[in-house]
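structure11.csv, holding CSV, C-alpha atoms:
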chain,number,residue,atom,x,y,z
A,36,MET,CA,-18.8,11.8,-26.3
A,37,ALA,CA,-20.4,12.5,-22.9
A,38,PRO,CA,-18.4,11.2,-19.9
A,39,SER,CA,-21.2,8.8,-18.9
A,40,GLU,CA,-20.8,7.0,-22.2
A,41,ILE,CA,-17.1,6.2,-21.7
A,42,ASP,CA,-16.5,2.9,-20.0
A,43,ALA,CA,-13.4,1.6,-21.7
A,44,PRO,CA,-10.5,0.2,-19.7
A,45,THR,CA,-8.3,3.0,-18.3
A,46,TYR,CA,-4.6,3.2,-17.6
A,47,THR,CA,-3.9,5.2,-14.5
A,48,GLU,CA,-1.6,5.5,-11.5
A,49,THR,CA,-2.7,4.0,-8.3
A,50,THR,CA,-1.4,4.5,-4.8
A,51,TRP,CA,-2.7,3.2,-1.4
A,52,PHE,CA,-4.5,4.6,1.6
A,53,CYS,CA,-5.6,3.3,4.9
A,54,CYS,CA,-9.1,3.4,6.4
A,55,GLY,CA,-11.1,1.8,9.2
A,56,THR,CA,-9.5,0.9,12.4
A,57,ALA,CA,-5.8,1.4,12.1
A,58,TRP,CA,-2.5,2.2,13.9
A,59,GLY,CA,-0.3,5.2,13.7
A,60,PRO,CA,-1.1,8.2,11.5
A,61,CYS,CA,-4.0,6.2,10.0
A,62,GLY,CA,-5.7,6.0,13.3
A,63,GLY,CA,-8.2,8.7,12.7
A,64,THR,CA,-9.1,8.1,9.1
A,65,GLY,CA,-12.6,6.5,9.6
A,66,ARG,CA,-14.5,4.2,7.3
A,67,GLY,CA,-14.5,6.4,4.2
A,68,ALA,CA,-17.3,8.0,2.2
A,69,CYS,CA,-19.2,4.8,1.8
A,70,GLY,CA,-19.0,3.9,5.5
A,71,THR,CA,-17.5,0.5,4.7
A,72,CYS,CA,-13.8,1.1,4.1
A,73,ASN,CA,-11.3,-1.2,5.8
A,74,SER,CA,-7.6,-1.4,5.2
A,75,GLY,CA,-7.7,-5.2,5.3
A,76,SER,CA,-10.4,-5.6,2.7
A,77,LEU,CA,-10.1,-5.6,-1.1
A,78,GLN,CA,-11.5,-2.1,-1.7
A,79,CYS,CA,-10.7,1.1,-3.4
A,80,ALA,CA,-11.4,4.8,-3.6
A,81,TRP,CA,-12.7,6.4,-6.9
A,82,PRO,CA,-12.7,10.1,-7.6
A,83,ASN,CA,-16.3,10.3,-9.0
A,84,THR,CA,-18.6,8.5,-6.5
A,85,SER,CA,-20.9,11.6,-6.2
A,86,ASP,CA,-21.1,15.2,-7.1
A,87,ASN,CA,-19.6,16.2,-3.8
A,88,CYS,CA,-16.8,13.7,-4.3
A,89,PHE,CA,-16.1,15.0,-7.8
A,90,ALA,CA,-16.0,18.6,-6.6
A,91,ILE,CA,-13.1,17.7,-4.3
A,92,THR,CA,-11.1,15.4,-6.6
A,93,ARG,CA,-11.6,17.2,-9.9
A,94,PRO,CA,-10.1,14.7,-12.4
A,95,ASP,CA,-11.4,16.9,-15.2
A,96,ARG,CA,-8.7,19.4,-14.4
A,97,CYS,CA,-6.2,16.7,-15.5
A,98,GLY,CA,-8.2,15.9,-18.6
A,99,ASP,CA,-9.7,12.7,-17.2
A,100,THR,CA,-13.4,12.1,-17.2
A,101,ALA,CA,-13.6,9.3,-14.5
A,102,ILE,CA,-17.2,8.3,-15.0
A,103,ARG,CA,-19.6,8.2,-12.1
A,104,ARG,CA,-19.3,4.9,-10.2
A,105,THR,CA,-20.8,4.6,-6.8
A,106,CYS,CA,-20.2,2.7,-3.6
A,107,GLY,CA,-19.9,-1.0,-4.1
A,108,HIS,CA,-19.0,-0.9,-7.8
A,109,THR,CA,-16.5,-3.5,-8.8
A,110,PHE,CA,-13.3,-2.7,-10.6
A,111,TYR,CA,-10.7,-5.1,-12.0
A,112,ILE,CA,-7.2,-3.9,-11.5
A,113,THR,CA,-4.1,-5.2,-13.3
A,114,SER,CA,-0.6,-4.0,-12.6
A,115,ARG,CA,1.3,-2.9,-15.7
A,116,CYS,CA,4.5,-4.0,-14.0
A,117,ASN,CA,3.9,-7.7,-13.4
A,118,SER,CA,0.3,-8.4,-14.6
A,119,ASN,CA,-0.8,-9.3,-11.1
A,120,ARG,CA,-4.5,-8.7,-10.6
A,121,VAL,CA,-7.0,-7.8,-8.0
A,122,THR,CA,-10.7,-7.2,-7.9
A,123,VAL,CA,-11.9,-4.4,-5.6
A,124,ARG,CA,-15.1,-2.6,-4.7
A,125,ILE,CA,-15.5,1.2,-4.2
A,126,ALA,CA,-15.5,2.1,-0.5
A,127,ASP,CA,-14.4,5.7,-0.5
A,128,CYS,CA,-14.0,8.9,-2.5
A,129,GLY,CA,-10.5,9.7,-3.8
A,130,PRO,CA,-7.7,10.2,-4.7
A,131,GLN,CA,-7.5,14.0,-5.1
A,132,THR,CA,-6.6,13.7,-8.7
A,133,ASP,CA,-6.0,17.4,-9.4
A,134,LEU,CA,-3.1,17.6,-7.0
A,135,TRP,CA,-1.1,15.4,-9.3
A,136,CYS,CA,-2.1,16.4,-12.8
A,137,GLY,CA,0.5,15.1,-15.3
A,138,GLU,CA,2.3,12.9,-12.9
A,139,ARG,CA,3.5,9.7,-14.5
A,140,THR,CA,4.6,6.4,-13.1
A,141,CYS,CA,6.5,3.8,-15.0
A,142,CYS,CA,7.6,0.2,-14.5
A,143,SER,CA,11.0,-1.2,-15.3
A,144,ASN,CA,9.5,-2.8,-18.4
A,145,GLY,CA,8.8,0.7,-19.8
A,146,LEU,CA,5.0,0.6,-19.3
A,147,CYS,CA,3.6,3.8,-17.7
A,148,ALA,CA,0.5,5.5,-16.7
A,149,THR,CA,-0.4,9.1,-16.0
A,150,ASN,CA,-2.6,10.8,-13.4
A,151,ARG,CA,-4.1,9.3,-10.2
A,152,LEU,CA,-7.6,7.9,-10.6
A,153,MET,CA,-7.4,5.0,-8.3
A,154,ASP,CA,-6.5,4.5,-4.6
A,155,LEU,CA,-6.3,1.0,-3.2
A,156,THR,CA,-6.5,-0.3,0.4
A,157,PRO,CA,-3.2,-1.9,1.6
A,158,ALA,CA,-4.8,-5.3,1.3
A,159,ALA,CA,-5.6,-4.6,-2.4
A,160,PHE,CA,-2.4,-2.8,-3.3
A,161,SER,CA,-0.2,-5.5,-1.8
A,162,ARG,CA,-1.8,-8.1,-4.0
A,163,ILE,CA,-0.3,-6.4,-7.1
A,164,GLY,CA,2.8,-4.7,-5.7
A,165,SER,CA,4.9,-3.7,-2.8
A,166,LEU,CA,3.5,-1.1,-0.4
A,167,SER,CA,7.0,0.5,-0.3
A,168,ALA,CA,6.7,1.3,-4.0
A,169,GLY,CA,4.0,3.9,-3.1
A,170,LYS,CA,2.4,4.0,-6.5
A,171,LEU,CA,2.0,1.8,-9.6
A,172,PRO,CA,0.7,2.1,-13.1
A,173,VAL,CA,-2.4,-0.1,-13.6
A,174,ARG,CA,-5.2,-1.0,-16.0
A,175,VAL,CA,-8.6,-0.4,-14.6
A,176,SER,CA,-11.7,-2.1,-16.0
A,177,SER,CA,-15.3,-2.5,-15.0
A,178,GLU,CA,-15.8,-5.4,-17.4
A,179,GLY,CA,-13.3,-8.0,-16.0
A,180,PHE,CA,-9.6,-8.6,-16.6
B,286,MET,CA,5.1,-22.4,-8.7
B,287,ASN,CA,2.3,-20.1,-7.9
B,288,GLY,CA,-0.3,-21.4,-10.2
B,289,SER,CA,-3.1,-21.8,-7.5
B,290,PRO,CA,-3.6,-20.9,-3.9
B,291,LEU,CA,-3.3,-24.6,-3.1
B,292,ASP,CA,0.0,-24.9,-4.9
B,293,ARG,CA,1.3,-21.8,-3.1
B,294,ARG,CA,0.1,-23.2,0.3
B,295,ARG,CA,2.0,-26.4,-0.3
B,296,PHE,CA,5.1,-24.4,-1.3
B,297,LEU,CA,4.9,-22.3,1.8
B,298,ASN,CA,4.3,-25.4,4.0
B,299,THR,CA,7.7,-26.7,2.8
B,300,ALA,CA,9.3,-23.2,3.0
B,301,VAL,CA,8.3,-22.5,6.6
B,302,LEU,CA,11.3,-23.1,8.7
B,303,GLY,CA,10.4,-21.8,12.1
B,304,THR,CA,9.5,-24.6,14.6
B,305,ALA,CA,9.6,-24.9,18.3
B,306,THR,CA,12.9,-26.8,18.1
B,307,ALA,CA,14.7,-25.3,15.1
B,308,VAL,CA,14.1,-21.6,14.2
B,309,VAL,CA,15.7,-20.3,11.1
B,310,GLY,CA,14.1,-17.1,10.0
B,311,ALA,CA,14.6,-14.6,7.3
B,312,THR,CA,17.4,-13.1,9.4
B,313,ALA,CA,19.6,-16.0,9.0
B,314,LEU,CA,19.0,-16.5,5.3
B,315,GLY,CA,18.5,-13.0,4.1
B,316,SER,CA,15.4,-11.4,2.9
B,317,VAL,CA,14.5,-10.4,-0.6
B,318,ALA,CA,13.6,-6.9,-1.7
B,319,PRO,CA,9.9,-6.2,-1.7
B,320,GLU,CA,9.9,-5.7,-5.5
B,321,ALA,CA,11.3,-9.2,-6.0
B,322,ALA,CA,8.6,-10.7,-3.8
B,323,PHE,CA,6.1,-9.4,-6.4
B,324,ALA,CA,7.9,-10.3,-9.5
B,325,ALA,CA,6.0,-13.5,-10.1
B,326,ASN,CA,2.4,-13.4,-11.4
B,327,ARG,CA,0.0,-14.6,-8.8
B,328,PRO,CA,-3.7,-15.5,-8.8
B,329,ASP,CA,-6.1,-12.7,-8.1
B,330,GLY,CA,-7.9,-15.1,-5.7
B,331,VAL,CA,-11.2,-13.3,-5.6
B,332,GLY,CA,-13.6,-15.7,-7.1
B,333,GLY,CA,-16.7,-13.9,-6.2
B,334,GLY,CA,-16.0,-13.6,-2.5
B,335,ASP,CA,-17.2,-10.8,-0.2
B,336,LEU,CA,-14.8,-8.0,-1.0
B,337,SER,CA,-16.0,-6.1,2.0
B,338,ALA,CA,-14.8,-8.8,4.3
B,339,PRO,CA,-11.2,-8.8,5.5
B,340,ASP,CA,-8.8,-10.6,3.1
B,341,PRO,CA,-7.7,-13.7,4.9
B,342,ASN,CA,-4.3,-13.6,3.2
B,343,PHE,CA,-3.5,-10.1,4.6
B,344,ALA,CA,-3.0,-8.9,8.2
B,345,GLU,CA,-2.5,-5.5,9.8
B,346,GLY,CA,-1.9,-4.5,13.4
B,347,ARG,CA,0.8,-4.1,16.0
B,348,ILE,CA,3.3,-6.6,17.2
B,349,THR,CA,2.7,-7.9,20.7
B,350,GLY,CA,5.3,-10.6,20.8
B,351,ILE,CA,8.1,-12.2,18.8
B,352,THR,CA,8.9,-15.9,19.1
B,353,GLY,CA,11.7,-17.0,16.7
B,354,SER,CA,10.3,-16.3,13.3
B,355,MET,CA,6.7,-15.9,14.5
B,356,LEU,CA,5.2,-12.5,15.0
B,357,MET,CA,2.2,-12.2,17.4
B,358,VAL,CA,0.1,-9.3,16.1
B,359,ALA,CA,-3.0,-7.6,17.6
B,360,GLY,CA,-5.1,-6.3,14.7
B,361,SER,CA,-6.6,-2.8,15.0
B,362,ASP,CA,-10.0,-4.6,14.8
B,363,ARG,CA,-8.8,-6.8,17.8
B,364,THR,CA,-8.2,-9.8,15.6
B,365,LEU,CA,-5.2,-11.8,16.8
B,366,HIS,CA,-2.8,-12.9,14.1
B,367,ARG,CA,0.2,-15.2,14.1
B,368,ILE,CA,2.5,-14.3,11.2
B,369,ARG,CA,5.2,-16.7,10.3
B,370,LEU,CA,8.2,-15.5,8.4
B,371,THR,CA,10.1,-17.8,6.1
B,372,ALA,CA,13.4,-17.7,4.2
B,373,ALA,CA,11.4,-16.2,1.3
B,374,THR,CA,9.7,-13.4,3.3
B,375,SER,CA,10.7,-9.9,2.4
B,376,VAL,CA,10.8,-7.5,5.3
B,377,TRP,CA,10.7,-3.7,5.0
B,378,LYS,CA,11.3,-1.2,7.7
B,379,LEU,CA,12.2,2.1,6.1
B,380,ARG,CA,14.3,0.0,3.7
B,381,PRO,CA,14.5,-3.7,2.9
B,382,THR,CA,15.8,-5.4,6.0
B,383,THR,CA,15.6,-8.5,8.1
B,384,LEU,CA,13.3,-9.9,10.8
B,385,ASP,CA,15.7,-8.9,13.6
B,386,GLN,CA,14.6,-5.3,13.0
B,387,ALA,CA,11.0,-6.1,14.1
B,388,LYS,CA,10.2,-4.8,17.6
B,389,VAL,CA,7.3,-5.3,19.9
B,390,GLY,CA,5.0,-2.2,19.4
B,391,ASP,CA,5.8,-1.9,15.7
B,392,GLY,CA,2.8,-1.6,13.3
B,393,LEU,CA,2.7,-3.8,10.3
B,394,TYR,CA,1.0,-4.9,7.2
B,395,ALA,CA,1.6,-8.5,6.0
B,396,ARG,CA,0.7,-10.4,2.9
B,397,GLY,CA,1.0,-14.1,2.5
B,398,VAL,CA,-1.1,-17.3,2.6
B,399,ARG,CA,-3.3,-18.3,5.5
B,400,MET,CA,-2.3,-21.8,6.5
B,401,GLY,CA,-4.4,-24.6,7.9
B,402,ASP,CA,-3.3,-23.9,11.5
B,403,GLY,CA,-4.5,-20.3,11.2
B,404,THR,CA,-1.0,-18.7,10.9
B,405,LEU,CA,-0.2,-16.4,8.0
B,406,ALA,CA,2.9,-17.5,6.1
B,407,ALA,CA,4.1,-14.2,5.0
B,408,ASP,CA,5.5,-13.3,1.5
B,409,ALA,CA,6.1,-9.8,2.6
B,410,VAL,CA,6.0,-7.8,5.9
B,411,TRP,CA,6.0,-4.0,6.0
B,412,LEU,CA,6.9,-2.6,9.4
B,413,ASN,CA,5.6,0.8,10.5
B,414,ILE,CA,5.0,1.8,6.8
B,415,VAL,CA,2.9,4.9,6.2
B,416,ASN,CA,1.8,6.5,3.0
B,417,LEU,CA,0.7,10.1,3.7
B,418,VAL,CA,-0.6,12.8,1.4
B,419,VAL,CA,0.5,15.9,3.1
B,420,HIS,CA,1.3,19.6,2.8
B,421,ILE,CA,4.7,20.8,3.6
B,422,SER,CA,4.7,23.2,6.6
B,423,SER,CA,8.4,23.9,7.0
B,424,ILE,CA,11.7,22.5,5.9
B,425,GLY,CA,14.7,22.3,8.2
B,426,ARG,CA,18.2,20.7,7.7
B,427,ASP,CA,17.2,17.2,8.8
B,428,VAL,CA,13.5,17.5,9.3
B,429,ILE,CA,10.4,18.4,7.3
B,430,HIS,CA,7.2,19.4,9.1
B,431,PHE,CA,4.0,18.2,7.4
B,432,ASP,CA,0.3,19.0,7.7
B,433,HIS,CA,-1.6,15.7,7.4
B,434,HIS,CA,-5.3,16.4,7.5
B,435,GLY,CA,-4.8,19.1,10.1
B,436,ASP,CA,-2.4,17.0,12.2
B,437,ARG,CA,1.3,17.9,12.5
B,438,VAL,CA,3.7,15.2,11.4
B,439,VAL,CA,7.4,15.5,11.8
B,440,GLY,CA,9.4,13.9,9.0
B,441,HIS,CA,13.0,12.9,9.6
B,442,VAL,CA,15.4,13.0,6.7
B,443,ILE,CA,17.7,9.9,6.9
B,444,ALA,CA,21.0,10.4,5.3
B,445,GLY,CA,21.7,7.8,2.6
B,446,THR,CA,18.0,6.6,2.6
B,447,THR,CA,15.6,9.5,2.1
B,448,ALA,CA,15.0,10.2,-1.5
B,449,ALA,CA,12.8,12.5,-3.5
B,450,VAL,CA,10.9,11.8,-6.7
B,451,TYR,CA,9.9,14.9,-8.6
B,452,ASN,CA,7.1,14.3,-11.2
B,453,ASP,CA,8.3,11.1,-13.0
B,454,THR,CA,12.0,11.6,-12.6
B,455,PRO,CA,14.2,9.0,-11.0
B,456,ALA,CA,14.6,9.2,-7.2
B,457,VAL,CA,17.4,11.5,-6.0
B,458,ASN,CA,18.8,12.5,-2.7
B,459,ASP,CA,18.4,16.2,-3.4
B,460,LEU,CA,15.4,17.6,-1.4
B,461,SER,CA,16.0,21.2,-2.4
B,462,LEU,CA,13.1,21.3,-4.8
B,463,LEU,CA,10.5,20.7,-2.1
B,464,LYS,CA,8.4,23.8,-1.5
B,465,VAL,CA,6.8,25.0,1.7
B,466,GLY,CA,3.0,25.1,1.1
B,467,GLY,CA,3.3,22.4,-1.6
B,468,HIS,CA,1.7,19.0,-1.4
B,469,ALA,CA,3.6,15.7,-1.3
B,470,GLN,CA,3.2,12.0,-0.8
B,471,VAL,CA,5.4,10.5,1.8
B,472,ILE,CA,6.4,6.8,2.1
B,473,GLY,CA,8.0,6.4,5.5
B,474,ALA,CA,8.4,4.4,8.7
B,475,TRP,CA,6.4,5.6,11.7
B,476,ARG,CA,8.1,5.9,15.0
B,477,PRO,CA,5.7,4.1,17.2
B,478,ASP,CA,3.5,6.1,19.5
B,479,THR,CA,4.7,9.4,18.2
B,480,ASN,CA,3.7,11.8,15.4
B,481,GLU,CA,7.1,11.3,13.7
B,482,VAL,CA,8.1,9.4,10.7
B,483,ASP,CA,11.4,8.5,9.0
B,484,ILE,CA,11.1,9.4,5.4
B,485,ALA,CA,11.9,6.8,2.7
B,486,THR,CA,10.6,8.6,-0.4
B,487,VAL,CA,8.8,11.9,-0.9
B,488,TYR,CA,6.9,12.4,-4.1
B,489,ALA,CA,6.3,16.0,-5.1
B,490,ALA,CA,5.9,18.3,-8.1
B,491,ALA,CA,9.1,20.0,-9.1

As structure tokens, the full file:
Amino acid sequence: MAPSEIDAPTYTETTWFCCGTAWGPCGGTGRGACGTCNSGSLQCAWPNTSDNCFAITRPDRCGDTAIRRTCGHTFYITSRCNSNRVTVRIADCGPQTDLWCGERTCCSNGLCATNRLMDLTPAAFSRIGSLSAGKLPVRVSSEGF
Amino acid sequence: MNGSPLDRRRFLNTAVLGTATAVVGATALGSVAPEAAFAANRPDGVGGGDLSAPDPNFAEGRITGITGSMLMVAGSDRTLHRIRLTAATSVWKLRPTTLDQAKVGDGLYARGVRMGDGTLAADAVWLNIVNLVVHISSIGRDVIHFDHHGDRVVGHVIAGTTAAVYNDTPAVNDLSLLKVGGHAQVIGAWRPDTNEVDIATVYAAA
């Protein structure tokens, strides 16, 4: 099946990143590939927003297709640890999936996810988990929760 | 308890303890670990709103003043926030801690519920927290130098706190598997107005 035909919910790791005006080491990060990214908004980065983006993130090297979704696309994210949910829109390219091929994150309930296909702003990540956790296994869907 | 934003706002109205005459903050009653603060299922609260707009129930910025259990915060976008901590607020600063560790100048992220008076009643506050994807430039006894998008960041290893997670293994104190030239993700606490962080957890491939 061609990657463009795959649109089923995906289980993946997510972490968080800062963008827009910010303090500390985040200060120079800018507004992301879409020009709209803001740490305080419910947004995300996705590793296949364009050919140039895909060439950097290379989820295919981890065996993930990560279909093309562009700026503004809506994803519905559910934590596998506590079922908390958040709706986000793409505002940046990322994460760099191929740096973390095979990495797995599990919850105390035993549910896990492998590989990083999703990056959330602090506002979005903190809706479903603690920022100090660093990463979480989640369900990602384009069709709703 | 958390069935709707309105229910939660009512709960927090009763939970808020800081007033001009009687201030009892998280310090006095103890804070809960961040993970516990997220144990309960909560509404996604995004009923078709503008997802590009700032989330009203979230705040970021730097502390400009502390009055009892109220943090005055200047947002990086120049928004001014008043963040109220309650007995139920979890506070993180390198590790789970209490409000008394908050200092003027600290950066923060806070999540809670925006109250009718404009304050944010906080469920959780993360002080100086950073999440950096870096390359390891050098490793010393108590310090690790990182390259973060071309900027040098000094990471301090804090005995008894700093932990490493290699692939999906449990966190350990042993940092010996970190490799110069390798990449890592660092959760840590920024030392304000420096390029230095105290390392809480470093994620790396073994």

* Asked: Could you pull the residues within 10 Å of B:Thr349, counting all atoms listed in the file, minus those fewer than 6 positions along the same chain, as an MDAnalysis selection string?
  -> chainID B and resid 356:360 365:366 388:392

| Which one of B:Gly466, B:Gly353, B:Gly440, B:Pro477 sits closest to chain A if you count only C-alpha atoms? |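 Nearest to chain A: B:Pro477.
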
Between atom CA of B:Lys464 and atom CA of A:Met153 - distance in Å to one decimal:
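Value for the atom CA of A:Met153-atom CA of B:Lys464 distance: 25.5 Å.
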
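Here the question is which of B:Val398, B:Val376, B:Val419, B:Val438 gets nearest to A:Gln131 using all atoms listed in the file, and that residue is B:Val419.
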
One residue among A:Thr140, A:Ser161, A:Ile112, A:Leu171 is nearest to A:Pro44 when using only C-alpha atoms, and that residue is A:Ile112

Radius query 7 Å about (7.3, 9.5, -12.8), atoms used: all atoms listed in the file, as a short mmCIF file (atom, residue, chain, number, x, y, z; two decimals) with C-alpha atoms, in the coordinates of the input:
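File result.cif, as written:
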data_model
loop_
_atom_site.label_atom_id
_atom_site.label_comp_id
_atom_site.auth_asym_id
_atom_site.auth_seq_id
_atom_site.Cartn_x
_atom_site.Cartn_y
_atom_site.Cartn_z
CA GLU A 138 2.30 12.90 -12.90
CA ARG A 139 3.50 9.70 -14.50
CA THR A 140 4.60 6.40 -13.10
CA CYS A 141 6.50 3.80 -15.00
CA ASN B 452 7.10 14.30 -11.20
CA ASP B 453 8.30 11.10 -13.00
CA THR B 454 12.00 11.60 -12.60
#

Please identify all polymer residues within 12 Å of A:Gly59, counting all atoms listed in the file, omitting same-chain residues fewer than 4 positions from it, and present them as a PyMOL selection string. (chain A and resi 53-54+63-64) or (chain B and resi 345-347+361+390-393+412-417+438+473-482)

- Task: For each of B:Asp402, B:Asp436, B:Asp459, B:Asp385, take the minimum atom-to-atom distance to chain A, counting all atoms listed in the file, then give the residue where this is smallest.
- Result: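 Nearest to chain A: B:Asp436.
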
Among listed residues B:Ala490, B:Ala387, B:Leu460, B:Ile421, nearest chain A (using only C-alpha atoms):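 That would be B:Ala490, the residue with the smallest distance to chain A.
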
Counting all atoms listed in the file, figure out which residue out of B:Arg399, B:His430, B:Arg369, B:His468 gets nearest to chain A.
->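 Among the listed residues, the smallest separation from chain A belongs to B:His468.
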
A:Ala158 surroundings by only C-alpha atoms, 10 Å radius, close-in-sequence under 4 positions cut, as a list in words:
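Here the answer would be Trp51, Phe52, Cys53, Asn73, Ser74, Gly75, Ser76, Leu77, Gln78, Cys79, Val121, Val123, Arg162, Ile163 and Leu166 of chain A; Pro339, Asp340, Pro341, Asn342, Phe343, Ala344, Glu345, Tyr394, Ala395 and Arg396 of chain B.
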
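Across the structure, atom CA of A:Phe89 and atom CA of A:Ser118 are spaced 29.4 Å apart.
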
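Picture a line from atom CA of A:Trp58 to atom CA of B:Arg363; it runs 11.7 Å.
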
*Residues at most 6 Å from stretch 81-87 of chain A, counting only C-alpha atoms, excluding those fewer than 3 positions away in the same chain, as a list in words?*
Ala90, Thr92, Arg103, Arg104, Thr105, Cys128, Gly129, Pro130 and Met153 of chain A

Selection file, C-alpha atoms, as a PDB file, keeping the file's coordinate frame:
ATOM      1  CA  ALA A  90     -16.000  18.600  -6.600  1.00  0.00           C
ATOM      2  CA  THR A  92     -11.100  15.400  -6.600  1.00  0.00           C
ATOM      3  CA  ARG A 103     -19.600   8.200 -12.100  1.00  0.00           C
ATOM      4  CA  ARG A 104     -19.300   4.900 -10.200  1.00  0.00           C
ATOM      5  CA  THR A 105     -20.800   4.600  -6.800  1.00  0.00           C
ATOM      6  CA  CYS A 128     -14.000   8.900  -2.500  1.00  0.00           C
ATOM      7  CA  GLY A 129     -10.500   9.700  -3.800  1.00  0.00           C
ATOM      8  CA  PRO A 130      -7.700  10.200  -4.700  1.00  0.00           C
ATOM      9  CA  MET A 153      -7.400   5.000  -8.300  1.00  0.00           C
TER      10      MET A 153
END

Legend entry - All residues 6 Å or closer to B:Gln470, only C-alpha atoms, same chain fewer than 3 positions away omitted, as number ranges by chain: B: 417-418, 487-488
